[in-house]
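First up is the structure itself, then whatever we jot down about it.
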Amino acid sequence: MVPTSATSPQVPGAAAAAGARDRLAARVREELSAPVLPEAHDVARYARQLHGDAYGPALFYGSCLRADSPEGIMDVYLLSRTHAAFHGQTPRGRALAGLNWLIPPNIYFWMIPHPQHGSLRAKVAVVTEQQFREGASVDAWSPSIWARFCQPCVLLDAPDEAARERVVDTIVTAILTAARWAAYLGPSKGTARDYWTALFAATYGAELRPERNNRPAIIYDAHPERYDALLRDAWAALEIPVEVSGAVLTPKVNTAAKAVAKRGFVARQRSGKGISVARIVKGALTFSGGVDYLLWKVERHSGVSVELSDWQRKHPFLGAPGVYLQLRRAGAVR
C-alpha cells in the first residue's frame, strides 16, 4: 500500500504489484455488476432483439450513468464477434463493416419505443472484442477507449462468465494505461485530482470534442475516492515508485522517458483531430439525422449552435469541411 505518513518512497515489488492488480480487478467486477437504470437494460434488450448473438458483452457508461437518469442520450458499447456478423452481408452491411474495421467505432443513434418515456435515446458504439482490447492498451494510438473505460461503466449483458472476465481484464488494462499516461502527462508532483484532470484534458485534446474546460474536473469530482484509489493501485501494479507527502504524490518517472512520452502524445493529439473528423463524416452514414445529432452534441457541451444549410444536410460528406470550419470559428472545437 502507498504510505500515508510523512514523505516516504514506495517501491513496489512483484508481490505487491500482483496484489494491486487483484484489487483493481475486484473493484472492476463490483462496478460492472452495480445496479443500473432499468431503461439501460431496456436498451440492451432492444439491441439483442435486433442483433441476436452477433455481439457479446454490452457496456453502459457516460453521462446518464453518472446522473442515474435516462434523460439525454444513453451511451452503450456493443462488443461484436466480427464486423461481418454484426453488420451483415448486404452491400451496405459490407461497407459498414469495412468502415468499422478502418475507423472504429461505428456509431448508431437509436430511438427506442418505451411505454413510460415515449422513447429512449441511445448512442450505440460497435467495435469487436479484439478492437476493444487493443484500444485499452498503452500502445493504442487513439485514447478513445482507454480514456472512456477507466471511468465507471456497467456490464448490461454478457453471454457467459468467460466473456465477463475478458471485459474485466480489458478494463483493468484501460485503467493501467490511463495511470501510466497520467504519470507521464501530469505534473511532477500533485494530488490524485491533479493527475486525473491533467490526463482527461490531454485526452480531450486528442479528439474533436466540444467539451468545456471544466469537464475533466466534473468527471473526477463525480467519484473522487474511486479515482484516488485507482491511481494508487494502478501505479503499484505498474511498479512505479511513488513518494507520498499527505495528499501530494510524486511518481518516480524517468525524466527522459517522460519527455519522449509527452512528444508521442502530442503526435496523437494532432492526428486525433483528423481521425475525429473522419468519424464525424462516417457518423452521417451510420444513423439517420447523423449530422443534426452531432451538432446537437456540440451545442450541448459547448453552448455553440450551428445551423446547417439544406445542401449540407443533403451532402454530409461534401459539407463536412465547411461545418468543421464553422465550428472552429465559433470556438466550439479546438
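Ordering of the C-alpha cells sets the chain letters (A, B, ...); residue numbers start at 1 within each chain; ligands are numbered from 1 in the order shown.
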
Would you list the contacts of Ala183 of chain A as a ChimeraX atom specification, taking every protein, DNA or RNA residue within 9 Å and counting only C-alpha atoms, but skipping same-chain residues closer than 5 positions in sequence? /A:178,188,195,199,235,240,250-253,258

Residues of the last selection are to be written out with N, CA and C atoms, as a CSV table (one decimal), in the first residue's frame.
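That gives us selection02.csv:
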chain,number,residue,atom,x,y,z
A,178,ALA,N,-4.3,4.3,-18.5
A,178,ALA,CA,-4.6,5.7,-18.0
A,178,ALA,C,-3.7,6.2,-17.0
A,188,SER,N,4.9,17.0,-12.1
A,188,SER,CA,6.0,16.2,-11.5
A,188,SER,C,5.5,15.8,-10.1
A,195,TYR,N,-3.5,14.8,-11.3
A,195,TYR,CA,-3.1,13.8,-12.3
A,195,TYR,C,-4.3,13.4,-13.2
A,199,LEU,N,-4.8,14.4,-17.2
A,199,LEU,CA,-5.0,13.3,-18.1
A,199,LEU,C,-6.2,13.5,-19.0
A,235,TRP,N,-0.6,2.5,-10.1
A,235,TRP,CA,0.8,2.8,-10.0
A,235,TRP,C,1.6,1.7,-9.3
A,240,ILE,N,5.5,1.5,-10.4
A,240,ILE,CA,6.0,2.9,-10.5
A,240,ILE,C,6.2,3.3,-9.0
A,250,THR,N,4.3,12.0,-5.7
A,250,THR,CA,5.4,12.2,-6.7
A,250,THR,C,5.8,10.9,-7.3
A,251,PRO,N,5.2,10.5,-8.5
A,251,PRO,CA,5.6,9.3,-9.1
A,251,PRO,C,7.1,9.4,-9.7
A,252,LYS,N,7.9,8.4,-9.4
A,252,LYS,CA,9.3,8.5,-9.8
A,252,LYS,C,9.4,7.9,-11.3
A,253,VAL,N,9.2,8.9,-12.2
A,253,VAL,CA,9.2,8.5,-13.6
A,253,VAL,C,10.5,9.1,-14.2
A,258,LYS,N,9.7,10.5,-19.8
A,258,LYS,CA,8.5,11.4,-19.7
A,258,LYS,C,8.5,12.3,-20.9

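Within 7 Å of segment 92-98 of chain A there are His83, Ala84 and His87 of chain A, counting only C-alpha atoms and ignoring same-chain residues fewer than 5 positions away.
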
Can those selected residues be exported to a file as a PDB file, in the first residue's frame so that it contains N, CA and C atoms?
ATOM      1  N   HIS A  83     -16.983  -8.067 -37.530  1.00  0.00           N
ATOM      2  CA  HIS A  83     -17.674  -6.998 -38.234  1.00  0.00           C
ATOM      3  C   HIS A  83     -18.764  -7.564 -39.146  1.00  0.00           C
ATOM      4  N   ALA A  84     -18.429  -8.628 -39.857  1.00  0.00           N
ATOM      5  CA  ALA A  84     -19.383  -9.196 -40.813  1.00  0.00           C
ATOM      6  C   ALA A  84     -20.612  -9.736 -40.098  1.00  0.00           C
ATOM      7  N   HIS A  87     -22.777  -6.541 -38.944  1.00  0.00           N
ATOM      8  CA  HIS A  87     -23.310  -5.634 -39.947  1.00  0.00           C
ATOM      9  C   HIS A  87     -24.027  -6.357 -41.086  1.00  0.00           C
TER      10      HIS A  87
END

Nearby residues (only C-alpha atoms) at most 12 Å from Arg121 of chain A, same-chain spacing under 3 positions excluded, as JSON, numbers by chain: {"A": [39, 40, 42, 43, 46, 64, 69, 70, 71, 72, 73, 74, 75, 76, 108, 109, 110, 111, 112, 113, 114, 117, 118, 124, 293]}

With N, CA and C atoms kept, could you save the residues just selected as a short mmCIF file (atom, residue, chain, number, x, y, z; two decimals), in the first residue's frame?
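Ended up saving to result26.cif:
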data_model
loop_
_atom_site.label_atom_id
_atom_site.label_comp_id
_atom_site.auth_asym_id
_atom_site.auth_seq_id
_atom_site.Cartn_x
_atom_site.Cartn_y
_atom_site.Cartn_z
N GLU A 39 -33.98 1.41 -17.63
CA GLU A 39 -34.03 1.82 -19.03
C GLU A 39 -32.77 1.40 -19.78
N ALA A 40 -31.63 1.35 -19.08
CA ALA A 40 -30.40 0.88 -19.74
C ALA A 40 -30.53 -0.59 -20.13
N ASP A 42 -33.34 -1.93 -20.84
CA ASP A 42 -34.27 -1.92 -21.98
C ASP A 42 -33.51 -1.72 -23.29
N VAL A 43 -32.50 -0.86 -23.26
CA VAL A 43 -31.67 -0.66 -24.45
C VAL A 43 -30.95 -1.95 -24.81
N TYR A 46 -33.30 -4.38 -26.41
CA TYR A 46 -33.59 -3.96 -27.78
C TYR A 46 -32.43 -4.33 -28.71
N CYS A 64 -25.45 9.59 -18.59
CA CYS A 64 -26.68 9.04 -18.00
C CYS A 64 -26.37 8.09 -16.85
N SER A 69 -29.95 8.74 -14.64
CA SER A 69 -31.18 9.24 -15.26
C SER A 69 -31.19 8.86 -16.74
N PRO A 70 -32.36 8.48 -17.28
CA PRO A 70 -32.44 8.17 -18.71
C PRO A 70 -32.61 9.41 -19.58
N GLU A 71 -32.68 10.59 -18.97
CA GLU A 71 -32.80 11.82 -19.75
C GLU A 71 -31.51 12.05 -20.53
N GLY A 72 -31.62 12.59 -21.71
CA GLY A 72 -30.44 12.74 -22.55
C GLY A 72 -30.29 11.52 -23.44
N ILE A 73 -29.03 11.17 -23.71
CA ILE A 73 -28.74 10.03 -24.58
C ILE A 73 -27.91 9.02 -23.81
N MET A 74 -28.37 7.78 -23.78
CA MET A 74 -27.65 6.73 -23.09
C MET A 74 -26.55 6.17 -23.97
N ASP A 75 -25.36 6.06 -23.41
CA ASP A 75 -24.19 5.59 -24.15
C ASP A 75 -23.97 4.10 -23.90
N VAL A 76 -23.92 3.33 -24.98
CA VAL A 76 -23.75 1.88 -24.88
C VAL A 76 -22.67 1.45 -25.87
N TYR A 108 -24.25 4.31 -33.86
CA TYR A 108 -25.64 4.26 -34.28
C TYR A 108 -26.49 5.01 -33.25
N PHE A 109 -27.44 5.77 -33.73
CA PHE A 109 -28.35 6.52 -32.86
C PHE A 109 -29.72 5.86 -32.94
N TRP A 110 -30.19 5.37 -31.80
CA TRP A 110 -31.46 4.65 -31.75
C TRP A 110 -32.50 5.45 -30.98
N MET A 111 -33.68 5.52 -31.52
CA MET A 111 -34.86 6.00 -30.80
C MET A 111 -35.71 4.77 -30.54
N ILE A 112 -35.78 4.36 -29.28
CA ILE A 112 -36.40 3.08 -28.92
C ILE A 112 -37.76 3.34 -28.28
N PRO A 113 -38.84 2.80 -28.83
CA PRO A 113 -40.17 2.98 -28.21
C PRO A 113 -40.17 2.48 -26.77
N HIS A 114 -40.80 3.29 -25.89
CA HIS A 114 -40.80 2.92 -24.48
C HIS A 114 -42.14 3.33 -23.86
N HIS A 117 -41.56 6.42 -21.18
CA HIS A 117 -40.90 7.65 -21.63
C HIS A 117 -41.28 8.04 -23.05
N GLY A 118 -42.09 7.23 -23.71
CA GLY A 118 -42.38 7.50 -25.11
C GLY A 118 -41.31 6.91 -26.00
N VAL A 124 -25.12 4.13 -29.70
CA VAL A 124 -24.56 2.78 -29.60
C VAL A 124 -23.29 2.71 -30.43
N TYR A 293 -27.62 15.26 -35.16
CA TYR A 293 -27.28 14.75 -33.84
C TYR A 293 -25.92 15.26 -33.39
#

Taking the chain letters and numbering used in this document, name the residues of segment 188-218 of chain A that DSSP puts in alpha helix (DSSP H), as an NGL selection string. :A and (192-204 or 215-218)

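The closest residue to Pro57 of chain A, picked from A:Leu156, A:Val138, A:Leu37, A:Ile275 and counting only C-alpha atoms, is A:Leu156.
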
Among A:Pro91, A:Gly246, A:Pro143, A:Pro241, Arg268 of chain A is approached most closely, using only C-alpha atoms, by A:Pro143

Just checking: using only C-alpha atoms, which residue out of A:Ile219, A:Val248, A:Leu230, A:Leu59 ends up closest to Thr177 of chain A? A:Leu230
